[in-house]
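The file upload39.txt comes next; it holds compact mmCIF, C-alpha atoms.
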```txt
# COMPACT_ATOMS: atom_id res chain seq x y z
CA MET C 91 -1.57 23.35 -2.62
CA HIS C 92 0.88 25.88 -3.96
CA ASP C 93 3.39 27.11 -1.47
CA LEU C 94 3.90 30.67 -2.61
CA LYS C 95 6.33 32.84 -0.74
CA PRO C 96 6.63 36.55 -1.38
CA ILE C 97 10.05 37.82 -2.42
CA THR C 98 11.50 41.30 -2.26
CA PRO C 99 12.21 43.34 -5.42
CA LEU C 100 15.83 42.09 -5.24
CA TRP C 101 14.54 38.49 -5.16
CA GLY C 102 15.44 37.96 -1.54
CA THR C 103 13.40 36.65 1.34
CA VAL C 104 14.63 39.48 3.53
CA ALA C 105 15.34 43.09 2.58
CA GLN C 106 18.86 43.78 1.35
CA VAL C 107 20.84 46.31 3.35
CA ASP C 108 24.28 47.58 2.32
CA ASN C 109 26.51 49.63 4.58
CA ILE C 110 29.33 51.26 2.64
CA GLY C 111 31.56 54.16 3.64
CA GLY C 112 29.24 55.40 6.37
CA MET C 113 26.25 55.25 4.06
CA ARG C 114 23.38 52.84 4.32
CA ILE C 115 21.39 51.67 1.30
CA SER C 116 18.36 49.67 2.35
CA GLU C 117 15.72 47.97 0.28
CA CYS C 118 12.34 48.82 1.81
CA PRO C 119 9.76 46.26 0.71
CA ASP C 120 7.38 46.87 3.61
CA TRP C 121 5.39 49.68 2.02
CA ALA C 122 2.11 49.52 0.18
CA LEU C 123 1.55 52.13 -2.53
CA ALA C 124 -1.50 53.47 -4.29
CA SER C 125 -1.75 56.38 -6.70
CA VAL C 126 -4.60 58.86 -6.64
CA ALA C 127 -5.51 61.10 -9.56
CA SER C 128 -8.37 63.49 -9.01
CA ARG C 129 -10.91 63.63 -11.81
CA ARG C 130 -11.48 66.84 -13.71
CA GLY C 131 -13.99 69.11 -12.02
CA LYS C 132 -13.82 67.00 -8.85
CA GLU C 133 -10.41 68.19 -7.65
CA ASP C 134 -11.75 69.84 -4.49
CA ALA C 135 -13.99 66.93 -3.53
CA ALA C 136 -11.14 64.47 -4.12
CA ALA C 137 -8.75 66.54 -2.01
CA ALA C 138 -11.30 66.78 0.82
CA ALA C 139 -12.03 63.05 0.74
CA ALA C 140 -8.34 62.17 0.66
CA ALA C 141 -7.60 64.55 3.55
CA LYS C 142 -10.35 62.93 5.63
CA PHE C 143 -8.92 59.48 4.94
CA LEU C 144 -5.27 60.41 5.48
CA GLY C 145 -5.69 62.78 8.40
CA PHE C 146 -3.76 65.52 6.58
CA ASP C 147 -4.07 67.55 3.38
CA LEU C 148 -2.62 66.20 0.14
CA PRO C 149 0.76 67.88 -0.29
CA ASP C 150 1.48 70.78 -2.60
CA VAL C 151 3.63 70.64 -5.75
CA ALA C 152 6.88 68.68 -5.26
CA ARG C 153 6.17 67.98 -1.58
CA CYS C 154 5.65 64.94 0.61
CA ALA C 155 3.40 64.98 3.68
CA THR C 156 3.59 62.42 6.46
CA LYS C 157 1.44 61.49 9.42
CA GLU C 158 1.50 57.94 10.62
CA PRO C 159 0.58 55.57 9.24
CA PHE C 160 0.40 57.41 5.91
CA ALA C 161 2.68 59.42 3.70
CA ALA C 162 1.62 61.07 0.46
CA PHE C 163 3.79 62.69 -2.18
CA TRP C 164 2.99 64.80 -5.22
CA MET C 165 3.67 63.06 -8.54
CA GLY C 166 2.25 65.50 -11.06
CA PRO C 167 -0.69 67.87 -11.50
CA HIS C 168 -3.63 66.41 -9.54
CA GLN C 169 -1.74 63.17 -8.89
CA TRP C 170 -0.34 61.79 -5.67
CA MET C 171 1.14 58.56 -4.38
CA ILE C 172 0.00 57.25 -1.00
CA GLU C 173 2.35 55.14 1.11
CA ALA C 174 1.38 53.01 4.09
CA PRO C 175 2.88 50.03 5.95
CA HIS C 176 2.23 46.86 3.96
CA ASP C 177 1.49 44.77 7.05
CA THR C 178 -1.51 46.84 8.02
CA HIS C 179 -2.51 48.27 4.62
CA GLU C 180 -2.00 45.54 2.06
CA ASP C 181 -5.33 46.57 0.51
CA LEU C 182 -4.38 50.26 0.47
CA ALA C 183 -5.77 50.87 -3.03
CA ALA C 184 -9.16 49.44 -2.02
CA GLN C 185 -9.20 51.59 1.12
CA VAL C 186 -8.35 54.75 -0.81
CA THR C 187 -10.90 53.89 -3.51
CA ALA C 188 -13.58 53.52 -0.86
CA ALA C 189 -12.57 56.88 0.64
CA VAL C 190 -12.48 58.99 -2.54
CA GLY C 191 -15.30 57.30 -4.45
CA GLU C 192 -16.02 58.77 -7.87
CA ASN C 193 -13.91 61.86 -7.25
CA ALA C 194 -10.57 60.29 -8.10
CA SER C 195 -9.03 57.34 -9.86
CA VAL C 196 -6.97 55.04 -7.68
CA THR C 197 -4.42 52.52 -8.90
CA GLU C 198 -2.65 49.81 -6.94
CA GLN C 199 1.10 50.49 -7.26
CA THR C 200 2.71 48.37 -4.54
CA ASP C 201 4.54 45.84 -6.68
CA GLY C 202 5.38 48.28 -9.46
CA TRP C 203 8.11 49.98 -7.47
CA VAL C 204 11.17 49.35 -5.37
CA ARG C 205 12.08 51.74 -2.59
CA PHE C 206 15.66 52.22 -1.52
CA ASP C 207 16.44 54.42 1.45
CA LEU C 208 19.76 56.20 1.33
CA GLU C 209 20.95 57.33 4.73
CA GLY C 210 24.13 58.93 5.97
CA PRO C 211 26.17 62.10 5.79
CA HIS C 212 27.10 61.88 2.10
CA CYS C 213 23.62 61.81 0.51
CA HIS C 214 24.22 64.92 -1.60
CA SER C 215 27.58 63.72 -2.94
CA VAL C 216 26.01 60.38 -3.88
CA LEU C 217 22.88 61.80 -5.48
CA GLU C 218 24.70 64.47 -7.47
CA LEU C 219 26.57 61.66 -9.22
CA LEU C 220 23.30 59.94 -10.08
CA CYS C 221 20.78 62.56 -11.06
CA ASN C 222 20.39 66.22 -11.90
CA ALA C 223 18.06 67.00 -9.01
CA ASN C 224 19.25 69.87 -6.86
CA THR C 225 19.26 67.79 -3.68
CA ARG C 226 21.01 70.45 -1.62
CA ALA C 227 17.93 72.62 -2.10
CA MET C 228 15.62 69.79 -0.98
CA ASP C 229 14.54 70.04 2.62
CA GLN C 230 12.61 67.49 4.63
CA GLY C 231 9.36 66.80 2.80
CA ALA C 232 10.60 67.70 -0.68
CA ALA C 233 9.64 65.17 -3.35
CA LEU C 234 10.32 65.13 -7.06
CA ARG C 235 10.61 62.82 -9.99
CA THR C 236 13.89 62.62 -11.84
CA GLN C 237 16.10 60.18 -13.68
CA LEU C 238 18.60 57.97 -11.86
CA ALA C 239 20.62 55.48 -13.92
CA HIS C 240 18.32 56.15 -16.89
CA LEU C 241 15.32 55.16 -14.75
CA GLY C 242 12.44 57.46 -13.91
CA CYS C 243 12.49 57.57 -10.11
CA PHE C 244 10.88 59.51 -7.32
CA LEU C 245 13.28 61.15 -4.94
CA ILE C 246 11.92 62.04 -1.51
CA CYS C 247 13.80 63.85 1.22
CA ARG C 248 12.80 62.22 4.51
CA LYS C 249 15.32 64.17 6.59
CA THR C 250 17.23 67.18 5.31
CA GLY C 251 20.63 66.16 4.03
CA THR C 252 20.84 62.70 5.58
CA HIS C 253 17.90 60.57 4.49
CA PHE C 254 16.47 60.22 1.00
CA SER C 255 14.15 57.62 -0.51
CA VAL C 256 14.58 56.57 -4.11
CA ILE C 257 11.47 54.92 -5.50
CA GLY C 258 12.12 53.36 -8.89
CA PRO C 259 10.72 50.70 -11.19
CA ARG C 260 10.71 47.33 -9.44
CA SER C 261 11.78 45.36 -12.50
CA SER C 262 15.00 47.40 -12.53
CA ALA C 263 15.66 47.02 -8.79
CA GLY C 264 19.01 45.29 -9.34
CA SER C 265 20.23 47.99 -11.74
CA LEU C 266 19.12 50.73 -9.39
CA ARG C 267 20.88 49.13 -6.42
CA ASN C 268 24.00 48.70 -8.52
CA ALA C 269 23.91 52.37 -9.50
CA LEU C 270 23.44 53.45 -5.88
CA ILE C 271 26.28 51.26 -4.65
CA THR C 272 28.62 52.43 -7.41
CA ALA C 273 27.83 56.07 -6.61
CA VAL C 274 28.27 55.53 -2.86
CA LYS C 275 31.67 53.88 -3.46
CA SER C 276 32.72 56.80 -5.67
CA ALA C 277 31.47 59.48 -3.33
CA THR C 278 32.71 58.17 0.00
CA MET K 191 19.30 74.11 -22.06
CA ILE K 192 17.08 74.80 -19.07
CA ILE K 193 13.30 74.76 -19.26
CA ASN K 194 11.60 76.83 -16.60
CA HIS K 195 8.73 74.52 -15.66
CA PRO K 196 5.66 76.52 -14.53
CA LEU K 197 5.21 74.28 -11.48
CA LEU K 198 8.66 72.92 -10.72
CA GLY K 199 10.97 75.75 -11.68
CA PRO K 200 14.14 75.41 -13.77
CA ARG K 201 14.76 71.85 -14.94
CA ASP K 202 17.36 70.37 -17.28
CA ALA K 203 16.11 69.88 -20.85
CA GLN K 204 17.53 66.34 -20.60
CA GLU K 205 14.42 65.45 -18.59
CA PHE K 206 12.10 66.46 -21.43
CA THR K 207 11.20 65.00 -24.79
CA PHE K 208 10.17 67.08 -27.76
CA LEU K 209 7.02 66.42 -29.77
CA GLY K 210 6.67 69.23 -32.29
CA SER K 211 4.71 72.35 -33.02
CA ALA K 212 2.14 73.46 -30.47
CA SER K 213 -0.29 73.76 -33.39
CA LEU K 214 -0.89 70.02 -32.82
CA ILE K 215 -3.19 71.14 -30.00
CA ASP K 216 -5.61 72.46 -32.64
CA ARG K 217 -6.82 69.06 -33.74
CA PRO K 218 -9.57 69.35 -36.38
CA ASP K 219 -13.14 68.27 -35.72
CA TRP K 220 -13.46 64.76 -37.13
CA GLN K 221 -17.15 65.36 -37.85
CA ALA K 222 -16.55 68.41 -40.05
CA GLU K 223 -17.62 68.24 -43.70
CA ASP K 224 -14.06 68.66 -44.90
CA ALA K 225 -12.50 66.57 -42.11
CA LEU K 226 -10.32 64.59 -44.54
CA GLU K 227 -8.76 67.72 -45.98
CA GLN K 228 -8.33 69.30 -42.55
CA PHE K 229 -6.66 66.20 -41.13
CA SER K 230 -4.43 65.93 -44.16
CA ASP K 231 -3.18 69.47 -43.56
CA TYR K 232 -2.98 68.92 -39.78
CA THR K 233 -0.94 65.76 -40.18
CA TYR K 234 1.41 66.64 -43.03
CA LEU K 235 1.75 70.39 -43.45
CA ARG K 236 4.13 72.39 -41.26
CA ASN K 237 5.52 75.87 -41.59
CA ASP K 238 9.27 75.46 -41.27
CA THR K 239 10.00 78.86 -39.83
CA GLY K 240 13.17 79.75 -37.98
CA GLY K 241 13.10 82.04 -34.99
CA GLU K 242 10.40 82.07 -32.37
CA ASN K 243 8.35 78.87 -32.27
CA ARG K 244 5.78 77.45 -29.92
CA GLU K 245 6.56 73.81 -29.24
CA LEU K 246 5.16 70.90 -27.25
CA TRP K 247 7.55 69.37 -24.73
CA PHE K 248 6.82 66.45 -22.39
CA HIS K 249 8.39 66.30 -18.94
CA GLU K 250 9.04 62.60 -19.27
CA ALA K 251 11.53 62.22 -16.46
CA GLY K 252 9.63 64.59 -14.20
CA ASP K 253 6.02 65.23 -13.42
CA ARG K 254 4.96 64.01 -16.87
CA SER K 255 3.06 67.11 -17.82
CA TRP K 256 2.91 68.55 -21.32
CA LEU K 257 4.26 72.04 -21.76
CA VAL K 258 4.02 74.67 -24.48
CA VAL K 259 7.50 76.16 -24.76
CA THR K 260 8.08 79.36 -26.75
CA ARG K 261 11.63 79.01 -28.03
CA ASN K 262 13.76 80.88 -30.52
CA THR K 263 15.31 78.22 -32.74
CA PHE K 264 18.17 80.51 -33.75
CA THR K 265 19.31 81.33 -30.22
CA HIS K 266 17.61 78.57 -28.15
CA GLU K 267 16.32 81.34 -25.92
CA ILE K 268 13.13 80.28 -24.15
CA THR K 269 10.81 83.20 -23.56
CA ASN K 270 7.70 81.51 -22.19
CA VAL K 271 6.65 78.15 -20.74
CA GLU K 272 3.01 77.26 -20.14
CA MET K 273 1.10 74.15 -19.12
CA ALA K 274 -0.26 72.66 -22.35
CA SER K 275 -3.51 71.78 -20.59
CA ASP K 276 -4.06 75.48 -19.79
CA VAL K 277 -3.27 76.45 -23.39
CA ALA K 278 -5.61 73.79 -24.79
CA ARG K 279 -8.48 74.79 -22.50
CA ALA K 280 -7.97 78.46 -23.33
CA ARG K 281 -8.36 77.47 -26.99
CA GLY K 282 -11.66 75.77 -26.29
CA ARG K 283 -10.52 72.18 -25.94
CA SER K 284 -12.45 70.19 -23.36
CA LYS K 285 -9.55 67.98 -22.23
```
If you convert what's in this file into structure tokens, what do you get?
Amino acid sequence: MHDLKPITPLWGTVAQVDNIGGMRISECPDWALASVASRRGKEDAAAAAAAKFLGFDLPDVARCATKEPFAAFWMGPHQWMIEAPHDTHEDLAAQVTAAVGENASVTEQTDGWVRFDLEGPHCHSVLELLCNANTRAMDQGAALRTQLAHLGCFLICRKTGTHFSVIGPRSSAGSLRNALITAVKSAT
Amino acid sequence: MIINHPLLGPRDAQEFTFLGSASLIDRPDWQAEDALEQFSDYTYLRNDTGGENRELWFHEAGDRSWLVVTRNTFTHEITNVEMASDVARARGRSK
């Protein structure tokens, strides 16, 4: 029998957490992800089916909506990413597929991404060193895609000013963490 | 340079990549009698005009939508930005 043990995007057995200068950078491996893209002509049916499954409406352009256990953020026209706790929703993509049927295309995304949460009072100073997103204009629930350390990442404001999630490509998790740590050290 | 994205508002041009003339949207019908000639023109012939141009830009580091940007190549002034999907559908394309 193989003895396979899951590892985090940073190759650890537990999530990496760094506390530097009053800021906290935490690897968040406990989230399952699935993307939903509504099919042309079925946008309304897909939105209705997704809302029934999630318990809330899919968010508008550049927004993130949350109601436990789910969160959903806008990725592009007619495209959203759904987040849910991995422990209870490991088969998130299958659940969403069953909910939306032929109205949308669903893709498993869990292991394609690494999520880092950046928390503390200096979020804006850190992020303005890393990307050209206007983070000071982002309130709780704002979500956009931008480039951090040459990587296409999603940036989600979980709490205005003090808590942001950076969701970037998993295979570049180490580079992304390095960029975040370097920026935190510079900004604090 | 700032591109005023129709959905996301003003975004840095650094986030976009440039493809070329928006005339690429008008892809010839491959089943036409003179398809070879049409595709030859479509692929190789461009009017190299300065001034106001309609161009295709891709929001690669953003929401990954294609845009038609009307830009003056002498001044870099951008006068209009549209979703390429809207432009294509308005011109009779199905996708």
Could you give me, as CSV, a per-residue list for stretch 186-271 of chain C showing, wherever an atom lies at most 9 Å from an atom of stretch 252-275 of chain K, the closest pair of atoms and their distance in Å to one decimal, using all atoms listed in the file and sorting by chain then residue number from low to high?
```
residue,atom,partner,partner_atom,distance
C:Leu234,CA,K:Gly252,CA,7.2
C:Arg235,CA,K:Gly252,CA,4.7
C:Thr236,CA,K:Gly252,CA,5.3
C:Gln237,CA,K:Gly252,CA,7.8
C:Gly242,CA,K:Gly252,CA,7.7
C:Cys243,CA,K:Gly252,CA,8.6
C:Phe244,CA,K:Gly252,CA,8.6
```
Which distance in Å separates atom CA of K:Leu198 and atom CA of C:Ser255, to one decimal?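 Between atom CA of K:Leu198 and atom CA of C:Ser255 the gap is 19.2 Å.
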Between atom CA of K:Gly240 and atom CA of K:Leu214, what is the spacing in Å?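 So the two atoms, atom CA of K:Leu214 and atom CA of K:Gly240, lie 17.9 Å apart.
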Excluding C:Ala152 and its own-chain neighbours fewer than 2 positions away, which residues fall within 7 Å of it when counting only C-alpha atoms? Please give them as a ChimeraX atom specification. /C:150,164,232-234
Selected residues written out, C-alpha atoms, as a compact mmCIF listing (two decimals), in the frame of the given file:
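Output saved as result22.txt:
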```
# COMPACT_ATOMS: atom_id res chain seq x y z
CA ASP C 150 1.48 70.78 -2.60
CA TRP C 164 2.99 64.80 -5.22
CA ALA C 232 10.60 67.70 -0.68
CA ALA C 233 9.64 65.17 -3.35
CA LEU C 234 10.32 65.13 -7.06
```
Students should find that atom CA of C:Thr197 and atom CA of C:Gln169 are spaced 11.0 Å
Who sits within 10 Å of C:Asp229, all atoms listed in the file, same chain under 5 positions skipped, as a VMD selection string: chain C and resid 153 246 to 251
Go ahead and save the residues from that selection, with C-alpha atoms, as a compact mmCIF listing (two decimals), in the frame of the given file.
```
# COMPACT_ATOMS: atom_id res chain seq x y z
CA ARG C 153 6.17 67.98 -1.58
CA ILE C 246 11.92 62.04 -1.51
CA CYS C 247 13.80 63.85 1.22
CA ARG C 248 12.80 62.22 4.51
CA LYS C 249 15.32 64.17 6.59
CA THR C 250 17.23 67.18 5.31
CA GLY C 251 20.63 66.16 4.03
```
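Of the listed residues K:Asp216, K:Phe206, K:Phe229, K:Ser211, the one whose atoms come nearest to K:Glu242 is K:Ser211, with distances taken using all atoms listed in the file.
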Hey, what's within 8 Å of C:Lys157 if we count only C-alpha atoms and toss same-chain stuff fewer than 3 positions away? As a PDB file with C-alpha atoms, in the frame of the given file, please?
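And here's around-v7.pdb as it stands now:
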```pdb
ATOM      1  CA  LEU C 144      -5.270  60.410   5.480  1.00  0.00           C
ATOM      2  CA  GLY C 145      -5.690  62.780   8.400  1.00  0.00           C
ATOM      3  CA  PHE C 146      -3.760  65.520   6.580  1.00  0.00           C
ATOM      4  CA  PHE C 160       0.400  57.410   5.910  1.00  0.00           C
ATOM      5  CA  ALA C 161       2.680  59.420   3.700  1.00  0.00           C
TER       6      ALA C 161
END
```
In the coordinates of the file, take the point (18.6, 62.2, -12.0) and a cut-off of 9 Å; then, counting all atoms listed in the file, name each qualifying protein, DNA or RNA residue as a PyMOL selection string. (chain C and resi 217-223+235-243+245) or (chain K and resi 205+251)
